[in-house]
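Participant: Here you go, this is final.pdb (PDB, C-alpha atoms).
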ATOM      1  CA  MET A 148     135.839 129.192  96.209
ATOM      2  CA  ARG A 149     132.657 128.736  94.186
ATOM      3  CA  PRO A 150     131.033 125.581  92.767
ATOM      4  CA  ALA A 151     132.264 124.257  89.438
ATOM      5  CA  SER A 152     130.653 125.714  86.342
ATOM      6  CA  SER A 153     128.998 123.822  83.506
ATOM      7  CA  ARG A 154     131.813 124.479  81.007
ATOM      8  CA  THR A 155     133.490 121.580  79.236
ATOM      9  CA  GLY A 156     136.796 120.266  80.546
ATOM     10  CA  THR A 157     137.900 118.968  83.919
ATOM     11  CA  GLY A 158     138.929 122.341  85.318
ATOM     12  CA  LYS A 159     142.633 121.619  85.765
ATOM     13  CA  TRP A 160     143.227 125.288  86.556
ATOM     14  CA  LYS A 161     141.118 124.908  89.716
ATOM     15  CA  LYS A 162     143.752 122.551  91.114
ATOM     16  CA  GLU A 163     146.123 125.546  91.094
ATOM     17  CA  ILE A 164     143.913 127.586  93.436
ATOM     18  CA  ASN A 165     145.424 128.369  96.836
ATOM     19  CA  PRO A 166     142.532 129.190  99.216
ATOM     20  CA  LYS A 167     144.943 130.891 101.604
ATOM     21  CA  VAL A 168     145.824 133.677  99.179
ATOM     22  CA  ASP A 169     143.376 133.560  96.252
ATOM     23  CA  ALA A 170     140.233 135.672  96.484
ATOM     24  CA  PHE A 171     137.699 136.018  93.681
ATOM     25  CA  LEU A 172     134.785 138.324  92.930
ATOM     26  CA  SER A 173     132.166 137.443  95.540
ATOM     27  CA  ASN A 174     129.223 138.087  93.242
ATOM     28  CA  PRO A 175     130.387 138.002  89.595
ATOM     29  CA  GLN A 176     127.822 139.242  87.102
ATOM     30  CA  PRO A 177     127.755 138.637  83.332
ATOM     31  CA  GLY A 178     127.398 142.385  82.807
ATOM     32  CA  ASP A 179     130.529 143.324  84.782
ATOM     33  CA  VAL A 180     132.880 145.604  82.851
ATOM     34  CA  ILE A 181     136.360 144.426  83.818
ATOM     35  CA  ILE A 182     139.580 146.262  82.927
ATOM     36  CA  VAL A 183     142.807 144.601  84.068
ATOM     37  CA  LEU A 184     146.019 146.549  84.719
ATOM     38  CA  LEU A 185     149.366 144.817  84.268
ATOM     39  CA  GLY A 186     153.015 145.873  84.197
ATOM     40  CA  PRO A 187     156.243 145.865  86.227
ATOM     41  CA  THR A 188     156.441 146.731  89.920
ATOM     42  CA  GLY A 189     156.466 150.474  90.615
ATOM     43  CA  VAL A 190     155.217 151.500  87.192
ATOM     44  CA  GLY A 191     152.045 153.110  88.562
ATOM     45  CA  LYS A 192     149.213 150.565  88.357
ATOM     46  CA  SER A 193     147.917 151.317  91.847
ATOM     47  CA  SER A 194     148.322 155.069  91.297
ATOM     48  CA  PHE A 195     146.328 154.814  88.071
ATOM     49  CA  ILE A 196     143.401 153.271  89.951
ATOM     50  CA  ASN A 197     143.603 155.830  92.778
ATOM     51  CA  ASN A 198     143.646 158.682  90.269
ATOM     52  CA  TYR A 199     140.663 157.259  88.429
ATOM     53  CA  PHE A 200     138.614 156.904  91.611
ATOM     54  CA  ASP A 201     139.903 160.180  93.099
ATOM     55  CA  SER A 202     140.595 158.263  96.293
ATOM     56  CA  PRO A 203     143.420 156.161  97.821
ATOM     57  CA  VAL A 204     141.557 152.885  97.329
ATOM     58  CA  VAL A 205     144.741 150.821  96.888
ATOM     59  CA  GLU A 206     148.135 151.089  98.572
ATOM     60  CA  VAL A 207     150.904 152.813  96.633
ATOM     61  CA  SER A 208     154.652 152.327  97.090
ATOM     62  CA  ASP A 209     157.216 155.095  96.619
ATOM     63  CA  SER A 210     160.010 152.539  96.296
ATOM     64  CA  LEU A 211     160.864 149.503  94.209
ATOM     65  CA  THR A 212     159.310 147.315  96.908
ATOM     66  CA  SER A 213     155.964 146.023  95.678
ATOM     67  CA  CYS A 214     152.712 146.693  97.539
ATOM     68  CA  THR A 215     150.265 144.795  95.357
ATOM     69  CA  GLN A 216     150.671 141.068  95.925
ATOM     70  CA  GLU A 217     147.057 139.979  95.637
ATOM     71  CA  ILE A 218     144.701 140.555  92.726
ATOM     72  CA  CYS A 219     142.807 143.656  93.814
ATOM     73  CA  PRO A 220     139.531 144.519  92.016
ATOM     74  CA  ILE A 221     138.011 147.946  92.704
ATOM     75  CA  MET A 222     134.500 148.605  91.433
ATOM     76  CA  ILE A 223     132.075 151.424  90.799
ATOM     77  CA  ASP A 224     128.616 151.545  89.207
ATOM     78  CA  LEU A 225     128.481 153.267  85.830
ATOM     79  CA  PRO A 226     125.674 155.841  85.399
ATOM     80  CA  SER A 227     122.328 154.926  83.897
ATOM     81  CA  ASP A 228     122.975 157.226  80.926
ATOM     82  CA  HIS A 229     126.339 155.700  80.002
ATOM     83  CA  PRO A 230     126.295 155.259  76.186
ATOM     84  CA  SER A 231     127.800 151.756  76.205
ATOM     85  CA  TRP A 232     127.476 150.265  79.682
ATOM     86  CA  PRO A 233     124.461 151.792  81.514
ATOM     87  CA  LYS A 234     124.135 150.710  85.154
ATOM     88  CA  GLN A 235     126.916 148.121  84.821
ATOM     89  CA  ARG A 236     129.695 147.602  87.366
ATOM     90  CA  LEU A 237     133.071 148.931  86.227
ATOM     91  CA  ILE A 238     135.878 146.917  87.836
ATOM     92  CA  LEU A 239     139.518 148.031  87.626
ATOM     93  CA  VAL A 240     141.874 145.214  88.624
ATOM     94  CA  ASP A 241     145.292 145.842  90.176
ATOM     95  CA  THR A 242     147.851 143.048  89.767
ATOM     96  CA  PRO A 243     151.412 142.270  90.932
ATOM     97  CA  GLY A 244     154.282 142.528  88.449
ATOM     98  CA  PHE A 245     156.583 139.708  87.406
ATOM     99  CA  ASP A 246     159.467 141.389  89.228
ATOM    100  CA  ASP A 247     157.588 141.358  92.527
ATOM    101  CA  THR A 248     159.844 141.644  95.586
ATOM    102  CA  HIS A 249     157.849 139.089  97.585
ATOM    103  CA  LEU A 250     156.446 136.652  95.001
ATOM    104  CA  SER A 251     158.112 134.352  92.482
ATOM    105  CA  ASP A 252     157.378 134.916  88.795
ATOM    106  CA  TYR A 253     155.394 131.685  88.607
ATOM    107  CA  GLU A 254     153.346 132.628  91.669
ATOM    108  CA  VAL A 255     152.486 135.951  90.026
ATOM    109  CA  LEU A 256     151.392 134.153  86.849
ATOM    110  CA  ARG A 257     149.417 131.643  88.899
ATOM    111  CA  ARG A 258     147.512 134.317  90.832
ATOM    112  CA  ILE A 259     146.685 136.323  87.712
ATOM    113  CA  SER A 260     145.743 133.206  85.742
ATOM    114  CA  VAL A 261     143.337 131.638  88.237
ATOM    115  CA  TRP A 262     141.623 134.996  88.817
ATOM    116  CA  LEU A 263     141.082 135.503  85.096
ATOM    117  CA  ALA A 264     139.965 131.893  84.649
ATOM    118  CA  ASP A 265     137.432 132.231  87.458
ATOM    119  CA  VAL A 266     135.954 135.354  85.866
ATOM    120  CA  TYR A 267     135.570 133.621  82.518
ATOM    121  CA  ASP A 268     134.294 130.427  84.135
ATOM    122  CA  ASN A 269     131.480 132.538  85.577
ATOM    123  CA  LYS A 270     130.426 133.769  82.139
ATOM    124  CA  THR A 271     132.130 137.155  82.247
ATOM    125  CA  LYS A 272     134.641 138.373  79.679
ATOM    126  CA  ILE A 273     137.176 141.194  79.762
ATOM    127  CA  ALA A 274     136.335 144.698  78.528
ATOM    128  CA  GLY A 275     139.964 145.751  78.226
ATOM    129  CA  LEU A 276     143.537 145.558  79.460
ATOM    130  CA  ILE A 277     146.008 148.316  80.283
ATOM    131  CA  TYR A 278     149.752 147.688  80.270
ATOM    132  CA  LEU A 279     151.786 150.388  82.023
ATOM    133  CA  HIS A 280     155.434 151.231  81.309
ATOM    134  CA  ASN A 281     157.731 153.795  82.961
ATOM    135  CA  ILE A 282     158.816 156.199  80.195
ATOM    136  CA  THR A 283     161.949 157.181  82.152
ATOM    137  CA  GLN A 284     163.385 153.680  81.815
ATOM    138  CA  LYS A 285     166.377 153.926  79.497
ATOM    139  CA  LYS A 286     166.759 150.270  78.592
ATOM    140  CA  MET A 287     164.544 147.225  78.395
ATOM    141  CA  SER A 288     165.764 145.166  81.329
ATOM    142  CA  GLY A 289     165.184 141.430  81.509
ATOM    143  CA  THR A 290     162.293 141.798  83.938
ATOM    144  CA  THR A 291     160.666 144.556  81.880
ATOM    145  CA  ARG A 292     160.935 142.442  78.759
ATOM    146  CA  LEU A 293     159.485 139.445  80.631
ATOM    147  CA  ASN A 294     156.522 141.496  81.892
ATOM    148  CA  TYR A 295     155.760 142.637  78.357
ATOM    149  CA  GLU A 296     156.192 139.247  76.689
ATOM    150  CA  VAL A 297     154.069 137.408  79.254
ATOM    151  CA  PHE A 298     151.416 140.127  78.949
ATOM    152  CA  HIS A 299     151.337 139.537  75.194
ATOM    153  CA  LYS A 300     150.852 135.795  75.737
ATOM    154  CA  ILE A 301     148.164 136.348  78.371
ATOM    155  CA  CYS A 302     146.143 138.529  75.994
ATOM    156  CA  GLY A 303     146.536 136.854  72.612
ATOM    157  CA  GLU A 304     146.039 138.593  69.274
ATOM    158  CA  LYS A 305     142.233 138.504  69.422
ATOM    159  CA  ALA A 306     142.180 140.828  72.440
ATOM    160  CA  MET A 307     144.609 143.444  71.115
ATOM    161  CA  GLU A 308     141.956 145.891  69.961
ATOM    162  CA  ARG A 309     140.969 146.221  73.624
ATOM    163  CA  VAL A 310     144.527 146.834  74.878
ATOM    164  CA  VAL A 311     146.107 150.164  75.811
ATOM    165  CA  MET A 312     149.872 150.441  76.228
ATOM    166  CA  ALA A 313     150.197 153.416  78.596
ATOM    167  CA  THR A 314     153.414 155.242  79.485
ATOM    168  CA  THR A 315     153.815 156.768  82.949
ATOM    169  CA  HIS A 316     156.159 159.127  84.869
ATOM    170  CA  TRP A 317     156.170 161.846  82.213
ATOM    171  CA  ASP A 318     156.701 164.400  84.979
ATOM    172  CA  SER A 319     160.167 162.909  85.560
ATOM    173  CA  ILE A 320     161.575 163.277  82.054
ATOM    174  CA  ILE A 321     162.381 166.066  79.595
ATOM    175  CA  PRO A 322     159.611 166.068  76.956
ATOM    176  CA  ALA A 323     162.049 165.664  74.060
ATOM    177  CA  SER A 324     163.718 162.661  75.704
ATOM    178  CA  GLY A 325     160.330 161.200  76.483
ATOM    179  CA  GLY A 326     159.323 161.581  72.849
ATOM    180  CA  ASP A 327     162.470 159.776  71.707
ATOM    181  CA  ARG A 328     161.803 156.885  74.073
ATOM    182  CA  GLU A 329     158.207 156.745  72.963
ATOM    183  CA  GLN A 330     159.398 156.217  69.396
ATOM    184  CA  GLU A 331     161.727 153.457  70.590
ATOM    185  CA  LEU A 332     158.760 151.812  72.310
ATOM    186  CA  ARG A 333     156.775 151.928  69.084
ATOM    187  CA  VAL A 334     159.515 149.820  67.521
ATOM    188  CA  PHE A 335     159.861 147.440  70.478
ATOM    189  CA  TRP A 336     156.078 147.084  70.778
ATOM    190  CA  ASN A 337     155.511 146.920  67.031
ATOM    191  CA  ASP A 338     153.993 143.440  67.127
ATOM    192  CA  ILE A 339     151.396 144.280  69.755
ATOM    193  CA  LEU A 340     150.579 147.698  68.249
ATOM    194  CA  SER A 341     150.222 146.233  64.751
ATOM    195  CA  GLU A 342     147.692 143.780  66.185
ATOM    196  CA  GLY A 343     145.454 146.657  67.280
ATOM    197  CA  ALA A 344     146.679 147.930  70.660
ATOM    198  CA  GLU A 345     146.802 151.694  71.289
ATOM    199  CA  LEU A 346     149.765 153.636  72.706
ATOM    200  CA  MET A 347     148.761 156.443  75.106
ATOM    201  CA  ARG A 348     150.510 158.776  77.538
ATOM    202  CA  ILE A 349     149.665 159.417  81.181
ATOM    203  CA  GLN A 350     150.793 163.010  81.669
ATOM    204  CA  ASP A 351     147.871 164.318  83.687
ATOM    205  CA  PRO A 352     147.242 161.456  86.169
ATOM    206  CA  HIS A 353     143.571 162.226  86.756
ATOM    207  CA  ASP A 354     142.463 163.252  83.286
ATOM    208  CA  ASP A 355     144.479 160.662  81.416
ATOM    209  CA  SER A 356     143.356 157.759  83.611
ATOM    210  CA  HIS A 357     139.777 158.714  82.741
ATOM    211  CA  ARG A 358     140.682 159.207  79.081
ATOM    212  CA  ILE A 359     142.207 155.718  78.838
ATOM    213  CA  VAL A 360     139.331 153.978  80.611
ATOM    214  CA  ASP A 361     136.810 155.903  78.508
ATOM    215  CA  HIS A 362     138.684 154.870  75.366
ATOM    216  CA  ILE A 363     138.193 151.213  76.284
ATOM    217  CA  LEU A 364     134.567 151.700  77.346
ATOM    218  CA  HIS A 365     133.625 153.497  74.138
ATOM    219  CA  LEU A 366     135.247 151.105  71.683
ATOM    220  CA  HIS A 367     131.993 149.171  71.470
ATOM    221  CA  ALA A 368     129.683 147.457  73.909
ATOM    222  CA  ALA A 369     131.429 144.098  73.789
ATOM    223  CA  ARG A 370     133.934 142.075  75.726
ATOM    224  CA  VAL A 371     136.434 139.433  74.779
ATOM    225  CA  ALA A 372     137.805 136.192  76.152
ATOM    226  CA  ILE A 373     141.556 136.648  76.297
ATOM    227  CA  GLN A 374     143.943 133.885  75.322
ATOM    228  CA  ILE A 375     144.813 132.557  78.774
ATOM    229  CA  GLN A 376     141.133 132.348  79.737
ATOM    230  CA  GLU A 377     140.342 130.194  76.716
ATOM    231  CA  GLU A 378     143.425 128.057  77.314
ATOM    232  CA  LEU A 379     142.562 127.343  80.947
ATOM    233  CA  VAL A 380     138.780 127.051  80.774
ATOM    234  CA  ASP A 381     137.851 126.029  77.211
ATOM    235  CA  LEU A 382     140.962 123.983  76.377
ATOM    236  CA  ASP A 383     141.344 122.698  79.943
ATOM    237  CA  LYS A 384     145.085 123.355  80.107
ATOM    238  CA  ARG A 385     147.159 123.651  83.233
ATOM    239  CA  ILE A 386     148.930 126.975  83.702
ATOM    240  CA  PRO A 387     152.398 125.664  82.684
ATOM    241  CA  ARG A 388     150.867 124.455  79.384
ATOM    242  CA  THR A 389     149.516 127.881  78.415
ATOM    243  CA  GLU A 390     151.489 130.126  76.075
ATOM    244  CA  ALA A 391     152.324 132.438  78.980
ATOM    245  CA  GLY A 392     153.379 129.482  81.125
ATOM    246  CA  LYS A 393     155.578 128.020  78.394
ATOM    247  CA  LEU A 394     157.247 131.389  77.853
ATOM    248  CA  LEU A 395     157.965 131.776  81.561
ATOM    249  CA  ARG A 396     159.313 128.240  81.780
ATOM    250  CA  CYS A 397     161.568 128.802  78.763
ATOM    251  CA  THR A 398     162.897 132.026  80.294
ATOM    252  CA  MET A 399     163.755 130.219  83.530
ATOM    253  CA  GLN A 400     165.498 127.405  81.670
ATOM    254  CA  GLU A 401     167.575 129.909  79.691
ATOM    255  CA  PHE A 402     168.601 131.587  82.949
ATOM    256  CA  LEU A 403     169.773 128.271  84.416
ATOM    257  CA  GLU A 404     171.685 127.414  81.234
ATOM    258  CA  MET A 405     173.516 130.745  81.406
ATOM    259  CA  GLN A 406     174.454 130.128  85.036
ATOM    260  CA  ASN A 407     175.624 126.589  84.306
ATOM    261  CA  LYS A 408     178.111 127.930  81.774
ATOM    262  CA  ASP A 409     179.782 129.948  84.546
ATOM    263  CA  ALA A 410     181.213 127.104  86.624
ATOM    264  CA  ASP A 411     183.189 129.481  88.850
ATOM    265  CA  GLU A 412     180.130 131.457  89.931
ATOM    266  CA  THR A 413     180.147 131.744  93.747
ATOM    267  CA  ASP A 414     178.011 134.823  94.257
ATOM    268  CA  PRO A 415     175.520 133.899  97.044
ATOM    269  CA  GLU A 416     172.823 136.093  95.506
ATOM    270  CA  ILE A 417     173.145 134.254  92.198
ATOM    271  CA  GLN A 418     173.091 130.917  93.991
ATOM    272  CA  GLU A 419     169.923 131.931  95.810
ATOM    273  CA  ARG A 420     168.337 133.051  92.546
ATOM    274  CA  VAL A 421     169.256 129.738  90.912
ATOM    275  CA  ALA A 422     167.649 127.824  93.780
ATOM    276  CA  VAL A 423     164.466 129.912  93.473
ATOM    277  CA  VAL A 424     164.259 129.328  89.722
ATOM    278  CA  GLN A 425     164.843 125.592  90.140
ATOM    279  CA  GLU A 426     162.003 125.439  92.668
ATOM    280  CA  GLN A 427     159.679 127.302  90.297
ATOM    281  CA  LEU A 428     160.487 124.881  87.492
ATOM    282  CA  LYS A 429     159.557 122.004  89.798
ATOM    283  CA  GLN A 430     156.203 123.669  90.432
ATOM    284  CA  MET A 431     155.665 124.029  86.686
ATOM    285  CA  ASP A 432     156.482 120.401  85.906
ATOM    286  CA  ILE A 433     153.677 118.538  84.121
ATOM    287  CA  PRO A 434     153.184 114.912  85.284
ATOM    288  CA  ILE A 435     153.285 112.389  82.443
ATOM    289  CA  LEU A 436     149.725 111.228  83.199
ATOM    290  CA  ASP A 437     148.415 114.776  82.806
ATOM    291  CA  ARG A 438     150.271 115.116  79.506
ATOM    292  CA  ILE A 439     148.507 112.006  78.208
ATOM    293  CA  LYS A 440     145.137 113.284  79.448
ATOM    294  CA  ASP A 441     145.782 116.629  77.732
ATOM    295  CA  ARG A 442     146.319 114.882  74.400
ATOM    296  CA  LEU A 443     143.215 112.717  74.816
ATOM    297  CA  PHE A 444     141.088 115.719  75.759
ATOM    298  CA  ARG A 445     142.186 117.673  72.686
ATOM    299  CA  LYS A 446     141.413 114.682  70.428
ATOM    300  CA  ARG A 447     137.973 114.079  71.943
ATOM    301  CA  ARG A 448     136.961 117.708  72.246
ATOM    302  CA  PRO A 449     134.298 118.314  69.580
ATOM    303  CA  VAL A 450     134.698 121.072  67.056
ATOM    304  CA  ARG A 451     132.539 124.001  68.036
ATOM    305  CA  ASP A 452     129.520 124.581  65.875
ATOM    306  CA  ALA A 453     128.296 127.959  64.712
ATOM    307  CA  ALA A 454     126.053 128.431  67.713
ATOM    308  CA  ASP A 455     128.930 127.785  70.103
ATOM    309  CA  ASN A 456     131.130 130.249  68.243
ATOM    310  CA  ALA A 457     128.379 132.844  68.547
ATOM    311  CA  ARG A 458     128.167 132.349  72.300
ATOM    312  CA  SER A 459     128.489 135.626  74.138
ATOM    313  CA  HIS A 460     128.686 136.749  77.734
ATOM    314  CA  ASP A 461     127.413 140.239  76.949
TER     315      ASP A 461
END
Take the structure I supplied and represent it as structure tokens, if you would.
Facilitator:
Amino acid sequence: MRPASSRTGTGKWKKEINPKVDAFLSNPQPGDVIIVLLGPTGVGKSSFINNYFDSPVVEVSDSLTSCTQEICPIMIDLPSDHPSWPKQRLILVDTPGFDDTHLSDYEVLRRISVWLADVYDNKTKIAGLIYLHNITQKKMSGTTRLNYEVFHKICGEKAMERVVMATTHWDSIIPASGGDREQELRVFWNDILSEGAELMRIQDPHDDSHRIVDHILHLHAARVAIQIQEELVDLDKRIPRTEAGKLLRCTMQEFLEMQNKDADETDPEIQERVAVVQEQLKQMDIPILDRIKDRLFRKRRPVRDAADNARSHD
């Protein structure tokens, strides 16, 4: 863990850090070019990174059991003649999905959130984000929908021009069927695509991973603070008070309400799931004192002037 930065706010997000499992960039640099990969377990995030680096730099699972539980940044130096980012460090970040087999949904959000907050707190913004989706999936399951909706809240509209929605596993589907599902995704993802995100296919794992990263790198030589970074660092919110946190909490509460309506439910797996969700909601509870402090902080926080709005980490 590094010393506190000079940003405004009390750093509530730092209270969420778990030194036993959280690891951050050891030497963050303002010029770092960071691209974060998100999506459900088994969709191909780790494979994407391995294909980009032409090396098995992260573990890959052939099953629905997740391998990536920690935030895993892999870096390489860009060449001196790169048109947008000469001699900068390119960092691809592997993340766990919200349907992780070993971590609760809130723990996944916590790990992703504190890592992103730490990056921003050290004056580095995000160059881009890649959301991966398995094109062979016939229906939008609850966990797939949750992954997508939380991703949207993590990013915020301002970051959408630096987002790629990438479809994977094209080698496992008939092209015509894949095309039909791609059109269905355009409808389901209409909000995020209309805000500026791009939809791309990963058909050739090596070439397309490079094509997608290059697309982000060549947009323009700029980076952006995504919504959850601003919420945690600039607005000094706790994770449950962020838009992503509120969405996750609401989803858990809806699950419990559905289970409460079924008074005869005796399935032990359901009972175990209910207990897990109840425990997560306890972790996401906001003490009344912190709620009062949140309101006071927002009232006292000065409106940013033009110079502050022009602040850049580039």
Participant: Using all atoms listed in the file, what residues lie at most 9 Å away from (152.7, 144.8, 92.3) (file coordinates), given as a PDB file with C-alpha atoms, in the frame of the given file?
Facilitator:
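This went into part-v9.pdb:
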ATOM      1  CA  LEU A 185     149.366 144.817  84.268  1.00  0.00           C
ATOM      2  CA  GLY A 186     153.015 145.873  84.197  1.00  0.00           C
ATOM      3  CA  PRO A 187     156.243 145.865  86.227  1.00  0.00           C
ATOM      4  CA  THR A 188     156.441 146.731  89.920  1.00  0.00           C
ATOM      5  CA  GLY A 189     156.466 150.474  90.615  1.00  0.00           C
ATOM      6  CA  VAL A 190     155.217 151.500  87.192  1.00  0.00           C
ATOM      7  CA  LYS A 192     149.213 150.565  88.357  1.00  0.00           C
ATOM      8  CA  SER A 193     147.917 151.317  91.847  1.00  0.00           C
ATOM      9  CA  THR A 212     159.310 147.315  96.908  1.00  0.00           C
ATOM     10  CA  SER A 213     155.964 146.023  95.678  1.00  0.00           C
ATOM     11  CA  CYS A 214     152.712 146.693  97.539  1.00  0.00           C
ATOM     12  CA  THR A 215     150.265 144.795  95.357  1.00  0.00           C
ATOM     13  CA  GLN A 216     150.671 141.068  95.925  1.00  0.00           C
ATOM     14  CA  GLU A 217     147.057 139.979  95.637  1.00  0.00           C
ATOM     15  CA  ASP A 241     145.292 145.842  90.176  1.00  0.00           C
ATOM     16  CA  THR A 242     147.851 143.048  89.767  1.00  0.00           C
ATOM     17  CA  PRO A 243     151.412 142.270  90.932  1.00  0.00           C
ATOM     18  CA  GLY A 244     154.282 142.528  88.449  1.00  0.00           C
ATOM     19  CA  PHE A 245     156.583 139.708  87.406  1.00  0.00           C
ATOM     20  CA  ASP A 246     159.467 141.389  89.228  1.00  0.00           C
ATOM     21  CA  ASP A 247     157.588 141.358  92.527  1.00  0.00           C
ATOM     22  CA  THR A 248     159.844 141.644  95.586  1.00  0.00           C
TER      23      THR A 248
END
Participant: Decode the PyMOL selection byres ((chain A and resi 421) around 12) for the given file into explicit residues and return them as a ChimeraX atom specification.
Facilitator: /A:399-407,412-420,422-428
Participant: Tell me which protein, DNA and RNA residues are within 7 Å of segment 268-276 of chain A, counting all atoms listed in the file, leaving out same-chain ones fewer than 4 positions away, and put them as a count of residues only.
Facilitator: 21
Participant: Work out how far atom CA of Glu304 of chain A is from atom CA of Gln330 of chain A, in Å to one decimal.
Facilitator: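 Between atom CA of Gln330 of chain A and atom CA of Glu304 of chain A the gap is 22.1 Å.
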Participant: Written as a list in words, what is the full residue list that the PyMOL selection byres ((chain A and resi 308) around 8) yields on the file shown?
Facilitator: Lys305, Ala306, Met307, Arg309, Val310, Glu342, Gly343, Ala344 and Glu345 of chain A
Participant: Mind giving me the straight-line distance from atom CA of Ala391 of chain A to atom CA of Leu332 of chain A in Å, one decimal?
Facilitator: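 Interatomic distance, atom CA of Ala391 of chain A to atom CA of Leu332 of chain A: 21.5 Å.
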Participant: Quick one: of A:Ser319, A:Asn165, A:Asn198, A:Gln376, who's nearest to Thr283 of chain A, counting only C-alpha atoms?
Facilitator: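 Counting only C-alpha atoms, the residue closest to Thr283 of chain A is A:Ser319.
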Participant: For each of A:Trp262, A:Tyr199, A:Trp232, A:Tyr267, take the minimum atom-to-atom distance to Cys219 of chain A, counting all atoms listed in the file, then give the residue where this is smallest.
Facilitator: A:Trp262
